[in-house]
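Asker: Structure file model06.pdb (PDB, C-alpha atoms) right here:
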MODEL        1
ATOM      1  CA  MET D   1      24.848  37.367 -46.672
ATOM      2  CA  LEU D   2      22.452  39.734 -44.919
ATOM      3  CA  LEU D   3      25.017  40.364 -42.231
ATOM      4  CA  ALA D   4      27.577  41.455 -44.818
ATOM      5  CA  PHE D   5      24.956  43.685 -46.424
ATOM      6  CA  ARG D   6      24.027  45.191 -43.043
ATOM      7  CA  CYS D   7      27.671  46.091 -42.518
ATOM      8  CA  ALA D   8      27.828  47.752 -45.947
ATOM      9  CA  LEU D   9      24.617  49.661 -45.282
ATOM     10  CA  ALA D  10      25.974  50.846 -41.936
ATOM     11  CA  SER D  11      29.502  51.825 -42.996
ATOM     12  CA  GLU D  12      30.777  53.783 -45.982
ATOM     13  CA  ARG D  13      34.023  51.845 -45.571
ATOM     14  CA  VAL D  14      32.401  48.490 -46.325
ATOM     15  CA  ALA D  15      31.222  47.121 -49.673
ATOM     16  CA  ALA D  16      29.502  43.755 -49.847
ATOM     17  CA  THR D  17      28.679  41.606 -52.857
ATOM     18  CA  ALA D  18      26.817  38.318 -52.884
ATOM     19  CA  ILE D  19      27.963  36.157 -55.769
ATOM     20  CA  GLU D  20      25.916  33.297 -57.133
ATOM     21  CA  ALA D  21      28.598  30.609 -57.235
ATOM     22  CA  ASN D  22      27.077  28.428 -59.969
ATOM     23  CA  GLU D  23      26.697  31.330 -62.328
ATOM     24  CA  PHE D  24      30.335  32.355 -62.103
ATOM     25  CA  PRO D  25      32.153  29.006 -62.091
ATOM     26  CA  GLN D  26      35.538  30.409 -63.074
ATOM     27  CA  LEU D  27      35.702  32.842 -60.179
ATOM     28  CA  SER D  28      34.301  30.213 -57.821
ATOM     29  CA  GLN D  29      37.006  27.803 -58.886
ATOM     30  CA  GLU D  30      39.732  30.412 -58.466
ATOM     31  CA  LEU D  31      38.588  31.036 -54.909
ATOM     32  CA  GLY D  32      38.064  27.344 -54.139
ATOM     33  CA  VAL D  33      34.370  27.615 -53.418
ATOM     34  CA  TRP D  34      33.248  24.115 -52.446
ATOM     35  CA  SER D  35      30.617  24.984 -49.893
ATOM     36  CA  VAL D  36      28.536  28.059 -49.202
ATOM     37  CA  PRO D  37      28.339  30.594 -47.869
ATOM     38  CA  ARG D  38      32.037  31.198 -48.434
ATOM     39  CA  ILE D  39      33.231  34.515 -47.106
ATOM     40  CA  VAL D  40      35.984  36.348 -48.951
ATOM     41  CA  VAL D  41      37.530  39.457 -47.422
ATOM     42  CA  ASP D  42      39.544  41.780 -49.663
ATOM     43  CA  GLY D  43      39.960  38.978 -52.189
ATOM     44  CA  GLU D  44      41.162  36.392 -49.645
ATOM     45  CA  PRO D  45      38.956  33.379 -48.852
ATOM     46  CA  ARG D  46      38.434  33.446 -45.089
ATOM     47  CA  TRP D  47      35.858  30.897 -43.963
ATOM     48  CA  ASP D  48      32.797  28.852 -44.919
ATOM     49  CA  GLY D  49      29.472  28.888 -43.144
ATOM     50  CA  SER D  50      27.302  31.233 -41.140
ATOM     51  CA  VAL D  51      28.509  32.629 -37.831
ATOM     52  CA  PRO D  52      26.819  34.878 -35.227
ATOM     53  CA  GLU D  53      27.112  38.649 -35.645
ATOM     54  CA  PRO D  54      29.835  39.287 -33.032
ATOM     55  CA  GLU D  55      32.004  36.547 -34.525
ATOM     56  CA  PHE D  56      31.345  37.795 -38.061
ATOM     57  CA  LEU D  57      32.508  41.277 -37.087
ATOM     58  CA  ARG D  58      35.524  39.900 -35.258
ATOM     59  CA  ARG D  59      36.577  37.882 -38.294
ATOM     60  CA  ILE D  60      36.126  40.531 -40.986
ATOM     61  CA  LEU D  61      37.914  43.147 -38.896
ATOM     62  CA  ALA D  62      40.797  40.855 -37.883
TER
ATOM     63  CA  MET U   1       4.172  29.418 -78.694
ATOM     64  CA  GLY U   2       5.215  31.473 -75.687
ATOM     65  CA  VAL U   3       6.873  29.954 -72.667
ATOM     66  CA  ARG U   4       4.703  30.054 -69.570
ATOM     67  CA  ARG U   5       6.693  31.669 -66.782
ATOM     68  CA  MET U   6       6.326  30.772 -63.166
ATOM     69  CA  ALA U   7       5.028  33.441 -60.818
ATOM     70  CA  LEU U   8       7.742  35.142 -58.819
ATOM     71  CA  LEU U   9       6.132  34.425 -55.453
ATOM     72  CA  ARG U  10       3.255  32.375 -54.071
ATOM     73  CA  ALA U  11       0.147  34.412 -53.225
ATOM     74  CA  ASP U  12       0.780  34.236 -49.464
ATOM     75  CA  GLU U  13       4.421  35.229 -49.946
ATOM     76  CA  GLU U  14       3.414  38.146 -52.145
ATOM     77  CA  THR U  15       1.009  39.417 -49.483
ATOM     78  CA  LYS U  16       3.786  39.317 -46.895
ATOM     79  CA  VAL U  17       6.298  41.083 -49.158
ATOM     80  CA  ARG U  18       3.747  43.810 -49.957
ATOM     81  CA  GLU U  19       3.358  44.407 -46.214
ATOM     82  CA  TRP U  20       7.122  44.632 -45.707
ATOM     83  CA  PHE U  21       7.606  46.950 -48.678
ATOM     84  CA  ALA U  22       4.726  49.164 -47.539
ATOM     85  CA  ALA U  23       6.547  49.656 -44.219
ATOM     86  CA  LEU U  24       9.869  50.789 -45.733
ATOM     87  CA  GLY U  25      11.231  53.908 -44.082
ATOM     88  CA  ARG U  26      12.933  55.131 -47.261
ATOM     89  CA  PRO U  27      12.749  54.217 -50.958
ATOM     90  CA  VAL U  28      15.008  51.554 -52.444
ATOM     91  CA  GLU U  29      16.196  51.314 -56.008
ATOM     92  CA  LEU U  30      17.057  48.010 -57.654
ATOM     93  CA  PHE U  31      19.676  49.015 -60.214
ATOM     94  CA  VAL U  32      20.055  46.159 -62.666
ATOM     95  CA  ALA U  33      23.293  45.910 -64.635
ATOM     96  CA  LEU U  34      23.250  43.845 -67.809
ATOM     97  CA  GLY U  35      26.143  42.854 -70.026
ATOM     98  CA  PRO U  36      28.143  39.915 -71.361
ATOM     99  CA  GLU U  37      27.577  36.823 -69.242
ATOM    100  CA  GLU U  38      29.788  33.833 -68.497
ATOM    101  CA  THR U  39      28.984  30.530 -70.143
ATOM    102  CA  PRO U  40      25.705  29.352 -68.624
ATOM    103  CA  ARG U  41      25.864  26.536 -66.132
ATOM    104  CA  SER U  42      25.043  23.069 -67.398
ATOM    105  CA  GLY U  43      21.326  22.408 -67.211
ATOM    106  CA  ALA U  44      20.471  26.080 -67.479
ATOM    107  CA  GLY U  45      18.638  25.365 -70.730
ATOM    108  CA  ASP U  46      17.396  28.408 -72.553
ATOM    109  CA  VAL U  47      17.227  30.642 -69.511
ATOM    110  CA  ASP U  48      18.325  34.167 -70.309
ATOM    111  CA  PHE U  49      19.777  35.291 -66.993
ATOM    112  CA  GLY U  50      19.660  38.967 -67.895
ATOM    113  CA  ASP U  51      15.994  38.819 -68.897
ATOM    114  CA  GLU U  52      15.183  36.880 -65.740
ATOM    115  CA  MET U  53      17.038  39.393 -63.584
ATOM    116  CA  VAL U  54      14.938  42.211 -65.066
ATOM    117  CA  ARG U  55      11.754  40.175 -64.560
ATOM    118  CA  VAL U  56      12.640  39.461 -60.911
ATOM    119  CA  CYS U  57      13.547  43.051 -60.059
ATOM    120  CA  GLU U  58      10.661  44.638 -61.942
ATOM    121  CA  GLY U  59       8.375  42.081 -60.312
ATOM    122  CA  LEU U  60       9.592  43.080 -56.852
ATOM    123  CA  ALA U  61       9.251  46.774 -57.703
ATOM    124  CA  GLU U  62       5.573  46.174 -58.467
ATOM    125  CA  LEU U  63       5.024  45.064 -54.889
ATOM    126  CA  GLY U  64       5.671  48.397 -53.240
ATOM    127  CA  ASP U  65       5.621  52.098 -54.120
ATOM    128  CA  GLY U  66       8.895  52.523 -52.265
ATOM    129  CA  VAL U  67      10.755  50.066 -54.495
ATOM    130  CA  ASN U  68      11.716  50.909 -58.042
ATOM    131  CA  CYS U  69      13.792  49.243 -60.703
ATOM    132  CA  SER U  70      16.105  50.666 -63.335
ATOM    133  CA  VAL U  71      18.161  48.817 -65.924
ATOM    134  CA  GLU U  72      21.423  49.798 -67.550
ATOM    135  CA  GLN U  73      23.676  48.081 -70.075
ATOM    136  CA  LYS U  74      27.318  47.629 -69.014
ATOM    137  CA  PRO U  75      27.501  50.359 -66.372
ATOM    138  CA  GLU U  76      30.935  51.118 -64.936
ATOM    139  CA  GLY U  77      32.084  49.282 -61.837
ATOM    140  CA  PHE U  78      30.286  46.009 -62.524
ATOM    141  CA  PRO U  79      32.697  43.142 -63.230
ATOM    142  CA  ARG U  80      30.010  40.472 -63.666
ATOM    143  CA  PHE U  81      26.596  40.353 -65.301
ATOM    144  CA  PRO U  82      23.777  40.239 -64.614
ATOM    145  CA  ALA U  83      23.969  42.031 -61.284
ATOM    146  CA  VAL U  84      21.724  44.139 -59.120
ATOM    147  CA  SER U  85      22.836  46.985 -56.895
ATOM    148  CA  ILE U  86      20.469  47.603 -53.985
ATOM    149  CA  ARG U  87      20.402  51.362 -53.420
ATOM    150  CA  PRO U  88      18.713  53.123 -50.495
ATOM    151  CA  GLU U  89      17.310  56.398 -51.809
ATOM    152  CA  GLY U  90      19.070  55.655 -55.106
ATOM    153  CA  ARG U  91      22.558  55.882 -53.548
ATOM    154  CA  ASP U  92      25.169  53.247 -54.370
ATOM    155  CA  VAL U  93      26.345  52.212 -50.905
ATOM    156  CA  GLY U  94      28.208  49.106 -52.071
ATOM    157  CA  VAL U  95      25.500  46.459 -51.745
ATOM    158  CA  ARG U  96      25.316  44.209 -54.785
ATOM    159  CA  TYR U  97      24.159  40.797 -55.864
ATOM    160  CA  ASP U  98      26.003  39.251 -58.814
ATOM    161  CA  GLY U  99      24.000  36.618 -60.651
ATOM    162  CA  LEU U 100      20.344  35.767 -60.715
ATOM    163  CA  PRO U 101      18.831  35.554 -57.225
ATOM    164  CA  TRP U 102      16.439  32.665 -57.601
ATOM    165  CA  GLY U 103      15.107  30.033 -55.250
ATOM    166  CA  TYR U 104      16.129  30.707 -51.673
ATOM    167  CA  GLU U 105      18.187  33.691 -52.805
ATOM    168  CA  LEU U 106      15.091  35.526 -53.976
ATOM    169  CA  GLY U 107      14.078  35.643 -50.311
ATOM    170  CA  SER U 108      17.511  37.030 -49.493
ATOM    171  CA  LEU U 109      17.059  39.795 -52.070
ATOM    172  CA  VAL U 110      13.693  40.672 -50.535
ATOM    173  CA  GLY U 111      15.372  40.758 -47.107
ATOM    174  CA  THR U 112      18.072  43.030 -48.484
ATOM    175  CA  VAL U 113      15.484  45.471 -49.847
ATOM    176  CA  VAL U 114      13.824  45.529 -46.422
ATOM    177  CA  GLU U 115      17.203  46.176 -44.758
ATOM    178  CA  ALA U 116      18.097  48.906 -47.241
ATOM    179  CA  GLY U 117      14.706  50.499 -46.630
ATOM    180  CA  ARG U 118      15.367  50.906 -42.900
ATOM    181  CA  GLU U 119      16.485  54.292 -41.685
ATOM    182  CA  GLU U 120      18.175  52.719 -38.668
ATOM    183  CA  THR U 121      20.545  49.770 -38.815
ATOM    184  CA  THR U 122      19.631  46.506 -37.141
ATOM    185  CA  LEU U 123      23.269  45.805 -36.266
ATOM    186  CA  ARG U 124      24.199  45.624 -32.583
ATOM    187  CA  LEU U 125      25.659  48.741 -31.009
ATOM    188  CA  GLU U 126      28.963  46.923 -30.466
ATOM    189  CA  SER U 127      29.097  46.024 -34.161
ATOM    190  CA  LEU U 128      28.416  49.614 -35.169
ATOM    191  CA  ALA U 129      31.128  50.845 -32.827
ATOM    192  CA  ALA U 130      33.592  48.359 -34.330
ATOM    193  CA  LEU U 131      32.734  49.488 -37.862
ATOM    194  CA  GLU U 132      33.166  53.127 -36.885
ATOM    195  CA  GLU U 133      36.747  52.292 -35.901
ATOM    196  CA  LEU U 134      37.535  51.123 -39.435
ATOM    197  CA  ASP U 135      40.299  53.200 -40.973
ATOM    198  CA  ARG U 136      40.460  51.355 -44.298
ATOM    199  CA  ASP U 137      38.057  50.152 -46.945
ATOM    200  CA  LEU U 138      36.794  46.589 -46.628
ATOM    201  CA  ARG U 139      35.522  44.486 -49.509
ATOM    202  CA  LEU U 140      33.312  41.542 -48.567
ATOM    203  CA  GLU U 141      32.227  38.847 -51.015
ATOM    204  CA  VAL U 142      29.815  36.127 -50.013
ATOM    205  CA  PHE U 143      29.462  33.170 -52.344
ATOM    206  CA  VAL U 144      25.988  31.690 -52.281
ATOM    207  CA  THR U 145      23.879  29.185 -54.218
ATOM    208  CA  PRO U 146      20.160  29.231 -54.923
ATOM    209  CA  THR U 147      19.305  26.205 -52.776
TER
ENDMDL
END
For the file at hand, write its structure as structure tokens.
Answerer:
Amino acid sequence: MLLAFRCALASERVAATAIEANEFPQLSQELGVWSVPRIVVDGEPRWDGSVPEPEFLRRILA
Amino acid sequence: MGVRRMALLRADEETKVREWFAALGRPVELFVALGPEETPRSGAGDVDFGDEMVRVCEGLAELGDGVNCSVEQKPEGFPRFPAVSIRPEGRDVGVRYDGLPWGYELGSLVGTVVEAGREETTLRLESLAALEELDRDLRLEVFVTPT
């Protein structure tokens, strides 16, 4: 989560929101959130779990 | 009879957070957005998530002169409530937490305030260079849980 926030703080192009999955069950269900952290990029579920910074950047910019 | 509320942080944690907040390079606003909430999760009891969000953010703002908290009802651009926008120098830079950050996530919110209070990013130079190449807007959502 902090990595996503760091990207948003560093770039005007990036917005990052952490979403508490239990509190928004409908949205979590729509996006198939079964484990956390689940990363969603532009509305598309992309992967679950933490990854190192270079890999995080590679994946969100892919 | 009033409900006794748990302290936000343990004494040793509070000391640490005060130190971090005292070292912020720029002020950070916690902009709390309140509005209609989804049906509470089972087991949530009588917790009012909006009230708790205000308590958490006002509680954090008390731990450092550089951190302040404001609250607004149904501001534009917030699809879910409660939420908190973390704003360096009061600017909305697109950093938001939807839902009540409790448990482990309270630590994440503290970490986010510390990050937002830095004048220089802690990202690697390569990461910064990659972000500078971005020619489109990017919307990241990270689903988390409090444990």
Asker: Between CA of Arg46 (chain D) and CA of Gly99 (chain U), measure the distance and give it in Å to one decimal.
Answerer: 21.5 Å
Asker: Please determine the contact residues of chain U with respect to chain D at a cut-off of 7 Å, counting all atoms listed in the file, and supply them as a PyMOL selection string.
Answerer: chain U and resi 38+40-41+93-99+112+116+121+123+127+131+136-145
Asker: Any idea what the distance is between CA of Glu62 (chain U) and CA of Phe31 (chain U)?
Answerer: 14.5 Å
Asker: Quick one: 5 Å padding each side, axis-aligned, all listed atoms of region 34-38 of chain D - centre and edge lengths in Å to one decimal, as AutoDock Vina command-line options?
Answerer:
--center_x 30.8 --center_y 27.7 --center_z -50.2 --size_x 14.9 --size_y 17.1 --size_z 14.6
Asker: Using all atoms listed in the file, determine which residues lie at most 10 Å from Val71 (chain U), disregarding the query and same-chain residues fewer than 2 positions distant; provide the list as number ranges by chain.
Answerer: U: 30-34, 53-54, 57-58, 69, 73-75, 84
Asker: What is the distance, in Å and to one decimal place, between CA of Glu72 (chain U) and CA of Leu8 (chain U)?
Answerer: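 About the pair CA of Glu72 (chain U) and CA of Leu8 (chain U): they are 21.9 Å apart.
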Asker: I need the residue nearest Glu120 (chain U) from this list: U:Leu134, U:Leu100, U:Val17, U:Leu24. Use all atoms listed in the file for the distance.
Answerer: U:Leu24
Asker: Output file request: region 21-114 of chain U, with C-alpha atoms, as a JSON list (two decimals), in the first residue's frame.
Answerer:
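Saved file part-v3.json follows:
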[["chain", "number", "residue", "atom", "x", "y", "z"],
["U", 21, "PHE", "CA", 5.39, 13.79, 13.19],
["U", 22, "ALA", "CA", 7.73, 16.34, 14.76],
["U", 23, "ALA", "CA", 10.25, 15.60, 11.98],
["U", 24, "LEU", "CA", 7.83, 16.18, 9.08],
["U", 25, "GLY", "CA", 9.29, 18.40, 6.39],
["U", 26, "ARG", "CA", 5.91, 19.84, 5.41],
["U", 27, "PRO", "CA", 2.42, 19.86, 6.95],
["U", 28, "VAL", "CA", -0.09, 17.12, 6.18],
["U", 29, "GLU", "CA", -3.85, 17.40, 6.24],
["U", 30, "LEU", "CA", -6.10, 14.45, 6.97],
["U", 31, "PHE", "CA", -9.26, 15.32, 5.05],
["U", 32, "VAL", "CA", -12.04, 13.08, 6.32],
["U", 33, "ALA", "CA", -15.03, 12.48, 4.06],
["U", 34, "LEU", "CA", -18.23, 11.27, 5.67],
["U", 35, "GLY", "CA", -21.42, 10.11, 4.03],
["U", 36, "PRO", "CA", -23.74, 7.14, 3.53],
["U", 37, "GLU", "CA", -21.97, 3.89, 4.37],
["U", 38, "GLU", "CA", -22.44, 0.36, 3.09],
["U", 39, "THR", "CA", -24.12, -2.18, 5.33],
["U", 40, "PRO", "CA", -21.72, -2.81, 8.21],
["U", 41, "ARG", "CA", -19.82, -6.06, 8.20],
["U", 42, "SER", "CA", -21.16, -8.84, 10.40],
["U", 43, "GLY", "CA", -19.78, -8.57, 13.90],
["U", 44, "ALA", "CA", -19.25, -4.84, 13.61],
["U", 45, "GLY", "CA", -21.73, -4.32, 16.45],
["U", 46, "ASP", "CA", -22.59, -0.73, 17.17],
["U", 47, "VAL", "CA", -19.42, 0.73, 15.73],
["U", 48, "ASP", "CA", -20.09, 3.95, 13.87],
["U", 49, "PHE", "CA", -17.37, 3.90, 11.23],
["U", 50, "GLY", "CA", -17.69, 7.59, 10.46],
["U", 51, "ASP", "CA", -17.36, 8.60, 14.11],
["U", 52, "GLU", "CA", -14.40, 6.26, 14.52],
["U", 53, "MET", "CA", -12.72, 7.68, 11.42],
["U", 54, "VAL", "CA", -13.00, 11.19, 12.88],
["U", 55, "ARG", "CA", -11.68, 9.96, 16.24],
["U", 56, "VAL", "CA", -8.70, 8.24, 14.58],
["U", 57, "CYS", "CA", -7.75, 11.20, 12.40],
["U", 58, "GLU", "CA", -8.29, 13.84, 15.07],
["U", 59, "GLY", "CA", -6.31, 11.64, 17.44],
["U", 60, "LEU", "CA", -3.40, 11.50, 15.01],
["U", 61, "ALA", "CA", -3.59, 15.25, 14.42],
["U", 62, "GLU", "CA", -3.09, 15.78, 18.16],
["U", 63, "LEU", "CA", 0.27, 14.07, 17.94],
["U", 64, "GLY", "CA", 2.01, 16.67, 15.83],
["U", 65, "ASP", "CA", 1.69, 20.36, 14.99],
["U", 66, "GLY", "CA", 2.33, 19.53, 11.35],
["U", 67, "VAL", "CA", -0.71, 17.25, 11.09],
["U", 68, "ASN", "CA", -4.23, 18.60, 11.01],
["U", 69, "CYS", "CA", -7.64, 17.11, 10.44],
["U", 70, "SER", "CA", -10.70, 18.47, 8.68],
["U", 71, "VAL", "CA", -14.06, 16.80, 8.17],
["U", 72, "GLU", "CA", -16.58, 17.27, 5.40],
["U", 73, "GLN", "CA", -19.93, 15.66, 4.64],
["U", 74, "LYS", "CA", -20.27, 14.08, 1.18],
["U", 75, "PRO", "CA", -17.53, 16.01, -0.62],
["U", 76, "GLU", "CA", -17.29, 15.54, -4.38],
["U", 77, "GLY", "CA", -15.05, 12.82, -5.76],
["U", 78, "PHE", "CA", -15.49, 10.35, -2.92],
["U", 79, "PRO", "CA", -17.36, 7.20, -3.99],
["U", 80, "ARG", "CA", -17.17, 5.46, -0.61],
["U", 81, "PHE", "CA", -17.52, 6.57, 3.00],
["U", 82, "PRO", "CA", -15.91, 7.02, 5.38],
["U", 83, "ALA", "CA", -12.65, 7.91, 3.66],
["U", 84, "VAL", "CA", -9.59, 9.97, 4.39],
["U", 85, "SER", "CA", -7.54, 11.86, 1.85],
["U", 86, "ILE", "CA", -3.94, 12.38, 2.93],
["U", 87, "ARG", "CA", -2.90, 15.81, 1.66],
["U", 88, "PRO", "CA", 0.63, 17.23, 1.77],
["U", 89, "GLU", "CA", 0.32, 20.96, 2.41],
["U", 90, "GLY", "CA", -3.45, 20.57, 2.02],
["U", 91, "ARG", "CA", -3.19, 19.56, -1.66],
["U", 92, "ASP", "CA", -5.20, 16.61, -2.96],
["U", 93, "VAL", "CA", -2.53, 14.56, -4.72],
["U", 94, "GLY", "CA", -4.66, 11.43, -5.09],
["U", 95, "VAL", "CA", -3.76, 9.54, -1.92],
["U", 96, "ARG", "CA", -6.81, 8.15, -0.15],
["U", 97, "TYR", "CA", -7.85, 5.47, 2.27],
["U", 98, "ASP", "CA", -11.43, 4.22, 1.96],
["U", 99, "GLY", "CA", -12.78, 2.66, 5.13],
["U", 100, "LEU", "CA", -11.68, 2.79, 8.72],
["U", 101, "PRO", "CA", -7.94, 2.18, 9.12],
["U", 102, "TRP", "CA", -7.83, 0.14, 12.29],
["U", 103, "GLY", "CA", -5.52, -2.53, 13.62],
["U", 104, "TYR", "CA", -2.47, -2.96, 11.43],
["U", 105, "GLU", "CA", -3.85, -0.41, 8.97],
["U", 106, "LEU", "CA", -3.62, 2.36, 11.55],
["U", 107, "GLY", "CA", 0.15, 1.89, 11.34],
["U", 108, "SER", "CA", -0.11, 2.16, 7.57],
["U", 109, "LEU", "CA", -1.98, 5.45, 7.88],
["U", 110, "VAL", "CA", 0.73, 6.78, 10.19],
["U", 111, "GLY", "CA", 3.34, 5.66, 7.63],
["U", 112, "THR", "CA", 1.41, 7.44, 4.89],
["U", 113, "VAL", "CA", 1.36, 10.69, 6.88],
["U", 114, "VAL", "CA", 5.13, 10.39, 7.34]]
